[in-house]
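Listing of final30.txt; format and content: compact mmCIF, C-alpha atoms.
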```txt
# COMPACT_ATOMS: atom_id res chain seq x y z
CA MET A 231 -7.46 -2.07 4.82
CA ARG A 232 -9.38 -2.10 8.08
CA GLU A 233 -8.63 -5.76 8.78
CA ARG A 234 -4.93 -5.32 8.04
CA PHE A 235 -4.68 -2.27 10.22
CA ALA A 236 -6.48 -3.92 13.09
CA ASP A 237 -3.82 -6.63 13.18
CA SER A 238 -1.06 -4.14 13.92
CA ASP A 239 0.78 -4.65 17.21
CA SER A 240 1.71 -0.99 17.36
CA PHE A 241 -1.64 0.25 18.58
CA SER A 242 -4.83 -1.01 20.16
CA ARG A 243 -7.33 -2.84 17.97
CA ILE A 244 -9.69 -0.56 16.10
CA ARG A 245 -13.12 -0.28 17.65
CA PRO A 246 -16.18 -0.90 15.47
CA LYS A 247 -17.37 2.26 13.82
CA GLY A 248 -21.01 1.58 14.61
CA THR A 249 -23.48 3.93 13.00
CA SER A 250 -22.63 6.25 10.15
CA ARG A 251 -20.93 9.51 10.98
CA ARG A 252 -22.16 11.34 7.91
CA GLY A 253 -23.31 14.83 8.76
CA ARG A 254 -21.40 14.94 12.05
CA LYS A 255 -19.33 17.87 13.10
CA ALA A 256 -15.62 17.21 13.30
CA ASP A 257 -15.41 17.84 17.06
CA ARG A 258 -18.07 15.30 18.12
CA PHE A 259 -16.80 11.99 19.45
CA ASP A 260 -19.87 10.22 20.75
CA ASP A 261 -21.70 7.59 18.76
CA ALA A 262 -25.05 9.34 18.78
CA GLU A 263 -26.62 9.88 15.39
CA PRO A 264 -27.55 13.53 14.77
CA GLU A 265 -31.18 14.39 14.22
CA TYR A 266 -32.37 15.93 10.99
CA LEU A 267 -35.68 17.77 10.78
CA TYR A 268 -37.53 18.11 7.51
CA PHE A 269 -39.60 21.20 6.87
CA PRO A 270 -41.50 21.02 3.55
CA SER A 271 -41.75 24.05 1.34
CA GLU A 272 -44.90 26.15 1.44
CA ASP A 273 -45.23 25.46 -2.30
CA TYR A 274 -45.77 21.75 -1.69
CA ALA A 275 -49.37 20.52 -2.14
CA GLU A 276 -51.11 19.02 0.88
CA PHE A 277 -50.71 15.28 1.18
CA ASP A 278 -53.63 13.52 -0.54
CA GLY A 279 -52.64 9.95 0.12
CA SER A 280 -50.97 9.41 -3.22
CA GLU A 281 -47.29 8.65 -3.64
CA ASP A 282 -45.14 11.32 -5.27
CA GLU A 283 -41.58 12.51 -5.31
CA ASN A 284 -42.15 14.84 -2.38
CA GLU A 285 -43.20 12.06 -0.04
CA ASN A 286 -39.68 11.41 1.28
CA PRO A 287 -37.45 14.07 2.81
CA PRO A 288 -34.43 15.15 0.79
CA ALA A 289 -31.00 13.66 1.49
CA THR A 290 -28.63 15.42 3.87
CA ASP A 291 -25.79 17.50 2.52
CA GLY A 292 -23.17 14.94 3.52
CA PRO A 293 -20.95 13.29 0.89
CA ALA A 294 -22.18 10.24 -1.04
CA VAL A 295 -19.11 8.34 0.17
CA GLY A 296 -16.96 8.79 3.25
CA ASP A 297 -17.94 10.10 6.67
CA ARG A 298 -17.64 13.84 6.11
CA TRP A 299 -16.47 16.42 3.64
CA SER A 300 -12.84 17.45 3.93
CA THR A 301 -12.35 19.99 6.72
CA TRP A 302 -9.53 21.73 4.84
CA ASP A 303 -11.59 24.88 4.22
CA GLN A 304 -12.53 25.09 7.92
CA SER A 305 -8.96 25.98 8.91
CA THR A 306 -7.52 29.45 8.49
CA PRO A 307 -4.13 29.91 6.80
CA THR A 308 -2.42 29.96 10.20
CA GLU A 309 -4.19 26.72 11.11
CA LYS A 310 -2.64 24.83 8.19
CA GLY A 311 0.77 23.23 7.95
CA PRO A 312 3.92 25.05 6.82
CA GLN A 313 4.84 25.44 3.18
CA PRO A 314 6.13 23.97 1.00
CA ARG A 315 3.62 21.23 1.76
CA PRO A 316 4.41 17.60 0.93
CA ASP A 317 2.84 16.34 -2.29
CA TRP A 318 0.64 13.88 -0.41
CA VAL A 319 -1.35 16.62 1.34
CA ILE A 320 -4.83 16.83 -0.23
CA THR A 321 -6.30 20.33 -0.37
CA GLU A 322 -9.13 19.81 -2.87
CA LEU A 323 -12.51 20.90 -1.47
CA ALA A 324 -14.19 17.95 -3.22
CA ALA A 325 -12.26 15.56 -0.95
CA VAL A 326 -13.97 13.43 1.69
CA ASP A 327 -12.72 12.04 4.99
CA THR A 328 -13.29 8.42 5.97
CA GLU A 329 -12.53 7.26 9.50
CA PHE A 330 -11.22 3.75 10.13
CA GLY A 331 -11.44 3.84 13.92
CA ILE A 332 -9.44 4.62 17.02
CA VAL A 333 -5.85 3.44 17.03
CA LYS A 334 -4.37 4.87 20.21
CA THR A 335 -5.79 6.21 23.46
CA GLY A 336 -4.15 8.59 25.90
CA LYS A 337 -4.94 10.50 29.06
CA GLU A 338 -5.70 13.75 27.24
CA ALA A 339 -6.36 12.73 23.63
CA ASP A 340 -7.16 9.85 21.31
CA VAL A 341 -5.69 9.18 17.87
CA PHE A 342 -7.80 7.96 14.94
CA LEU A 343 -6.84 6.68 11.50
CA LEU A 344 -8.36 8.87 8.80
CA GLU A 345 -8.27 8.65 5.02
CA ARG A 346 -8.72 11.80 2.92
CA SER A 347 -9.50 11.09 -0.73
CA VAL A 348 -10.93 12.69 -3.85
CA PRO A 349 -13.76 10.47 -5.15
CA GLY A 350 -13.37 9.34 -8.72
CA THR A 351 -9.60 9.81 -8.69
CA GLY A 352 -6.62 7.95 -7.34
CA ARG A 353 -5.88 10.73 -4.85
CA ARG A 354 -5.88 9.40 -1.30
CA THR A 355 -3.77 9.75 1.80
CA LEU A 356 -3.82 8.39 5.33
CA MET A 357 -3.56 10.77 8.27
CA ALA A 358 -3.55 10.53 12.04
CA ALA A 359 -6.35 12.54 13.63
CA LYS A 360 -5.46 13.51 17.19
CA ARG A 361 -8.52 14.66 19.13
CA TYR A 362 -8.25 16.21 22.56
CA ARG A 363 -11.02 15.29 24.95
CA ASP A 364 -13.39 17.75 26.62
CA SER A 365 -13.06 18.90 30.22
CA GLN A 366 -15.18 16.02 31.55
CA HIS A 367 -12.98 13.27 30.13
CA ARG A 368 -9.46 14.63 30.40
CA MET A 369 -6.72 14.17 32.98
CA PHE A 370 -4.52 17.25 33.33
CA HIS A 371 -2.14 15.60 35.74
CA ARG A 372 0.93 17.54 34.57
CA ASP A 373 -0.46 20.92 33.59
CA SER A 374 1.01 23.06 36.36
CA GLY A 375 4.62 22.19 35.59
CA TYR A 376 4.39 22.31 31.82
CA LEU A 377 2.36 25.52 31.67
CA GLU A 378 4.95 27.53 33.60
CA GLY A 379 6.26 30.22 31.28
CA ARG A 380 3.11 30.22 29.13
CA GLN A 381 0.77 33.16 29.41
CA HIS A 382 -2.68 33.83 28.02
CA LYS A 383 -3.45 37.30 26.76
CA GLU A 384 -6.60 37.51 28.90
CA SER A 385 -6.06 37.49 32.66
CA ARG A 386 -9.51 36.03 33.35
CA VAL A 387 -8.65 33.01 31.22
CA SER A 388 -5.34 32.59 33.05
CA ARG A 389 -7.16 32.72 36.41
CA ALA A 390 -9.72 30.16 35.25
CA MET A 391 -6.96 27.86 34.06
CA ALA A 392 -5.13 28.19 37.37
CA LYS A 393 -8.31 27.38 39.35
CA ARG A 394 -9.19 24.45 37.04
CA THR A 395 -12.78 25.61 36.57
CA ALA A 396 -14.83 23.98 33.79
CA PHE A 397 -14.14 27.00 31.59
CA GLY A 398 -10.49 26.86 32.57
CA LYS A 399 -10.21 23.20 31.57
CA GLU A 400 -11.78 23.96 28.21
CA ALA A 401 -9.25 26.74 27.74
CA ILE A 402 -6.43 24.34 28.67
CA ALA A 403 -7.73 21.78 26.14
CA GLY A 404 -7.61 24.40 23.41
CA GLN A 405 -4.18 25.55 24.54
CA TRP A 406 -2.78 22.01 24.48
CA ALA A 407 -4.05 21.40 20.93
CA ALA A 408 -2.87 24.78 19.68
CA ALA A 409 0.47 24.36 21.44
CA GLU A 410 1.07 20.97 19.84
CA PHE A 411 0.11 22.16 16.36
CA THR A 412 2.29 25.26 16.67
CA ALA A 413 5.16 23.14 17.96
CA LEU A 414 4.83 20.63 15.12
CA CYS A 415 4.86 23.43 12.55
CA ARG A 416 7.93 25.01 14.09
CA LEU A 417 9.81 21.76 14.56
CA TRP A 418 9.00 20.51 11.06
CA SER A 419 10.26 23.75 9.57
CA ALA A 420 13.44 23.49 11.67
CA GLY A 421 14.16 19.98 10.40
CA VAL A 422 13.21 18.03 13.52
CA ALA A 423 11.91 14.51 12.80
CA VAL A 424 8.22 14.97 13.63
CA PRO A 425 5.03 14.15 11.69
CA TYR A 426 4.01 16.84 9.20
CA PRO A 427 1.10 18.85 10.69
CA VAL A 428 -1.65 19.12 8.05
CA GLN A 429 -4.20 21.30 9.86
CA ILE A 430 -5.99 22.03 13.11
CA THR A 431 -9.73 22.54 13.60
CA GLY A 432 -10.76 23.21 17.17
CA THR A 433 -9.16 20.47 19.24
CA GLU A 434 -8.54 18.07 16.33
CA ILE A 435 -5.08 17.95 14.75
CA LEU A 436 -4.61 16.15 11.43
CA MET A 437 -1.04 15.08 10.83
CA GLU A 438 1.12 12.71 8.82
CA PHE A 439 0.37 9.06 9.47
CA VAL A 440 3.65 7.28 10.21
CA GLY A 441 3.16 3.81 8.78
CA ASP A 442 2.50 2.00 5.52
CA GLU A 443 -0.15 2.58 2.87
CA ALA A 444 -2.22 -0.35 4.14
CA GLY A 445 -2.74 1.42 7.48
CA THR A 446 -0.23 -0.50 9.58
CA ALA A 447 1.29 1.96 12.02
CA ALA A 448 5.01 2.17 12.72
CA PRO A 449 6.06 0.57 16.00
CA ARG A 450 7.19 2.55 18.97
CA LEU A 451 10.88 2.50 19.83
CA ALA A 452 10.03 0.52 22.97
CA GLN A 453 8.56 -2.27 20.82
CA LEU A 454 11.68 -2.85 18.74
CA ARG A 455 13.75 -5.92 19.40
CA ALA A 456 17.50 -5.45 19.63
CA GLU A 457 18.11 -7.31 16.37
CA GLU A 458 15.64 -5.03 14.55
CA ALA A 459 17.28 -1.77 15.58
CA ASP A 460 20.49 -0.09 14.48
CA ILE A 461 21.21 1.39 17.90
CA ASP A 462 24.02 3.70 16.83
CA ASP A 463 22.11 5.11 13.86
CA LEU A 464 18.91 5.67 15.85
CA TRP A 465 20.87 7.40 18.63
CA GLU A 466 22.51 9.69 16.08
CA GLN A 467 19.11 10.52 14.56
CA LEU A 468 17.69 11.27 18.00
CA GLY A 469 20.66 13.46 18.90
CA ARG A 470 20.25 15.56 15.73
CA SER A 471 16.56 16.20 16.38
CA LEU A 472 17.05 17.01 20.07
CA SER A 473 19.93 19.33 19.18
CA LEU A 474 17.69 21.27 16.78
CA LEU A 475 15.06 21.46 19.51
CA ALA A 476 17.52 22.71 22.11
CA TYR A 477 19.12 25.23 19.77
CA ASP A 478 15.64 26.66 19.20
CA GLY A 479 15.21 26.91 22.99
CA TYR A 480 12.94 23.92 23.55
CA ALA A 481 12.79 20.47 25.09
CA HIS A 482 10.21 17.77 24.37
CA GLY A 483 9.22 17.64 28.03
CA ASP A 484 8.00 14.05 28.18
CA LEU A 485 10.32 12.05 25.93
CA SER A 486 10.57 8.30 26.29
CA ALA A 487 10.83 5.17 24.15
CA TYR A 488 7.01 5.17 24.02
CA ASN A 489 6.56 8.41 22.07
CA ILE A 490 9.18 7.76 19.42
CA LEU A 491 8.22 5.81 16.30
CA VAL A 492 10.58 3.96 13.97
CA HIS A 493 9.44 3.47 10.38
CA GLN A 494 11.79 1.75 7.96
CA GLY A 495 14.81 2.91 9.95
CA ARG A 496 13.55 6.50 10.28
CA LEU A 497 13.07 7.82 13.82
CA VAL A 498 10.04 10.10 14.37
CA ILE A 499 9.25 11.98 17.57
CA ILE A 500 5.55 12.29 18.46
CA ASP A 501 3.34 13.72 21.23
CA VAL A 502 4.68 17.24 21.66
CA PRO A 503 1.80 19.17 23.34
CA GLN A 504 3.90 19.71 26.47
CA ILE A 505 6.91 21.13 24.61
CA VAL A 506 8.86 23.24 27.10
CA ASP A 507 10.45 26.62 26.54
CA VAL A 508 13.67 25.89 28.44
CA VAL A 509 14.50 29.60 28.74
CA ALA A 510 11.14 30.88 30.01
CA ASN A 511 10.40 27.85 32.17
CA PRO A 512 12.44 27.90 35.41
CA ARG A 513 12.61 24.11 35.31
CA GLY A 514 13.66 24.02 31.66
CA LEU A 515 17.06 22.43 32.21
CA SER A 516 15.60 19.64 34.34
CA PHE A 517 13.06 18.84 31.60
CA LEU A 518 15.85 18.70 29.03
CA GLU A 519 18.01 16.42 31.17
CA ARG A 520 15.09 14.13 32.00
CA ASP A 521 14.19 13.72 28.32
CA VAL A 522 17.66 12.47 27.45
CA ARG A 523 18.03 10.16 30.44
CA ASN A 524 14.54 8.64 30.03
CA VAL A 525 15.05 7.61 26.43
CA GLY A 526 18.76 7.02 26.99
CA ALA A 527 17.92 4.23 29.46
CA TRP A 528 16.35 2.25 26.61
CA PHE A 529 19.45 2.66 24.46
CA VAL A 530 21.84 1.78 27.31
CA SER A 531 19.85 -1.40 28.00
CA ARG A 532 20.59 -2.37 24.39
CA GLY A 533 24.29 -1.71 24.44
CA LEU A 534 24.80 2.05 24.13
CA PRO A 535 27.69 3.23 26.38
CA PRO A 536 26.25 5.28 29.30
CA GLU A 537 28.80 8.04 28.74
CA ARG A 538 27.16 8.85 25.39
CA VAL A 539 23.95 9.69 27.24
CA GLU A 540 25.74 12.10 29.56
CA ALA A 541 27.60 13.60 26.61
CA LEU A 542 24.30 14.33 24.86
CA VAL A 543 22.89 15.95 28.01
CA GLN A 544 25.83 18.34 28.14
CA SER A 545 25.71 19.00 24.41
CA LEU A 546 22.02 19.89 24.50
CA ALA A 547 22.53 22.21 27.48
CA ASP A 548 25.19 24.00 25.46
CA ASP A 549 22.92 24.17 22.41
CA ALA A 550 20.17 25.70 24.55
CA ARG A 551 22.72 28.08 26.13
CA LEU A 552 21.88 26.84 29.62
CA ARG A 553 24.30 26.40 32.51
CA ARG A 554 24.50 23.09 34.32
```
Re-express the file's structure as structure tokens.
Amino acid sequence: MRERFADSDSFSRIRPKGTSRRGRKADRFDDAEPEYLYFPSEDYAEFDGSEDENENPPATDGPAVGDRWSTWDQSTPTEKGPQPRPDWVITELAAVDTEFGIVKTGKEADVFLLERSVPGTGRRTLMAAKRYRDSQHRMFHRDSGYLEGRQHKESRVSRAMAKRTAFGKEAIAGQWAAAEFTALCRLWSAGVAVPYPVQITGTEILMEFVGDEAGTAAPRLAQLRAEEADIDDLWEQLGRSLSLLAYDGYAHGDLSAYNILVHQGRLVIIDVPQIVDVVANPRGLSFLERDVRNVGAWFVSRGLPPERVEALVQSLADDARLRR
């Protein structure tokens, strides 16, 4: 599977996994191997030079296969995806997670390919693990505009976020992850074409992997050739999803042909951490209009009449009950 996935043109080549990740916490992303200290029991006899079963330290509590135990039980009910859950979601506590490497990098987060399976059975599923970076490795180049209209319940946290202190950046990282997971849950429940959100633990979001069972990811809209795309059908699919978003009072906030996937003719919108409340945000209408025109430019370059783009802008403004 790893070789086939690495050949995909949709994402960057997978980096070598390096050393084993067994025993690692889910929110660690370096390649350092954790240390394990062995403290023998007081009941053990003093070492007399002979070999016995107590000579070697016991094995760690990691799984016999895979990189870590399933993190399903580490998420609270509100940190798990909406019900009814798809049949492919694995909730068994005996499941293990196996990582196949990094598949996409971004300014604020990286996406990894992860398999969750139940050893000894045929139960397995591929997921995308989106992990937000810590405050030392992130670029919050758009925070001020997108965070307008969002408030934190503690004023000291809001002040720290505004000043971009180290604590404030950590708070922003958590807010971005939580905001994306909450948005995915809401949009999925509303019928918007987004990946199903499985769970969130800290700043890691596990979600539906959009691609085939061999691990080949779906291409971005921008990668499709004109002869591979049904322009009218894809535009209609996009319009339905954006209409549901707008009717619920939201805009994607950063939509383009690079954060839309197309898998077997199905259009899927991704990367929604910056979702904008178009009512609370004073620049909401401009975000909505920019979304449509950005992605509309790709469609127009492939034959879509420009007036259909403007018609969608007006329709979404009406759905969101905003005046132009």
Top pick for closest residue to Phe517 of chain A, considering A:Pro307, A:Pro316, A:Gly479, A:Gly441 and counting all atoms listed in the file: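 The answer is A:Gly479, which sits nearest to Phe517 of chain A.
Nearest-residue note for Gly526 of chain A: choosing from A:Leu468, A:Ala510, A:Leu491, A:Ile320, the minimum distance belongs to A:Leu468, counting all atoms listed in the file.
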Pick from A:Thr328, A:Thr321, A:Thr431, A:Thr301, whichever lies nearest to Tyr362 of chain A using all atoms listed in the file: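 Between A:Thr328, A:Thr321, A:Thr431, A:Thr301, the residue approaching Tyr362 of chain A most closely is A:Thr431.
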Selection: 7 Å around Ser471 of chain A, all atoms listed in the file, excl. self and same-chain fewer than 4 positions, as number ranges by chain: A: 422-423, 467, 475
Distance of atom CA of Trp302 of chain A from atom CA of Leu343 of chain A, expressed in Å to one decimal place: 16.7 Å
Spatial neighbours of Arg538 of chain A, max dist 12 Å, only C-alpha atoms, sep filter under 3 positions, as an MDAnalysis selection string: chainID A and resid 462 465:466 469 522:523 526:527 529:530 533:535 541:545
Atomic separation - atom CA of Asn489 of chain A relative to atom CA of Ile461 of chain A, Å: 16.8 Å
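Distance annotation: of A:Ala420, A:Leu414, A:Ala447, A:Ala452, the residue with the minimal separation from Leu356 of chain A is A:Ala447; atom set is all atoms listed in the file.
Proximity to Glu410 of chain A at 9 Å, evaluated using all atoms listed in the file and with sequence-adjacent residues fewer than 3 positions away removed, yields A:Gln405, A:Trp406, A:Ala407, A:Ala413, A:Leu414, A:Cys415, A:Ile435, A:Asp501, A:Val502, A:Pro503, A:Gln504, A:Ile505.
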Residue nearest Leu546 of chain A - candidates A:Ala487, A:Ala358, A:Val428, A:Leu518, atoms counted: all atoms listed in the file: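 Looking at the shortest contact to Leu546 of chain A, the residue is A:Leu518.
Among A:Thr306, A:Thr335, A:Ser300, A:Gln494, the residue with the shortest atom-to-atom distance to Leu323 of chain A, counting all atoms listed in the file, is A:Ser300.
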Find the residues near Lys360 of chain A: any atom within 7 Å, counting all atoms listed in the file, skip ones fewer than 6 places away on the same chain, and give them as a short mmCIF file (atom, residue, chain, number, x, y, z; two decimals) with C-alpha atoms, in the coordinates of the input.
```cif
data_model
loop_
_atom_site.label_atom_id
_atom_site.label_comp_id
_atom_site.auth_asym_id
_atom_site.auth_seq_id
_atom_site.Cartn_x
_atom_site.Cartn_y
_atom_site.Cartn_z
CA ALA A 339 -6.36 12.73 23.63
CA ASP A 340 -7.16 9.85 21.31
CA VAL A 341 -5.69 9.18 17.87
CA PHE A 342 -7.80 7.96 14.94
CA GLU A 434 -8.54 18.07 16.33
CA ILE A 435 -5.08 17.95 14.75
CA LEU A 436 -4.61 16.15 11.43
#
```
Gap from atom CA of Pro449 of chain A to atom CA of Pro427 of chain A - Å, one decimal: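 Computed distance, atom CA of Pro449 of chain A to atom CA of Pro427 of chain A, equals 19.7 Å.
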Distance query Glu322 of chain A at most 12 Å, all atoms listed in the file, self and fewer than 6 positions along chain excluded, as a list in words: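 Non-adjacent residues within range: Trp299, Ser300, Thr301, Trp302, Asp303, Arg346, Ser347, Val348, Pro349, Thr351, Arg353 and Arg354 of chain A.
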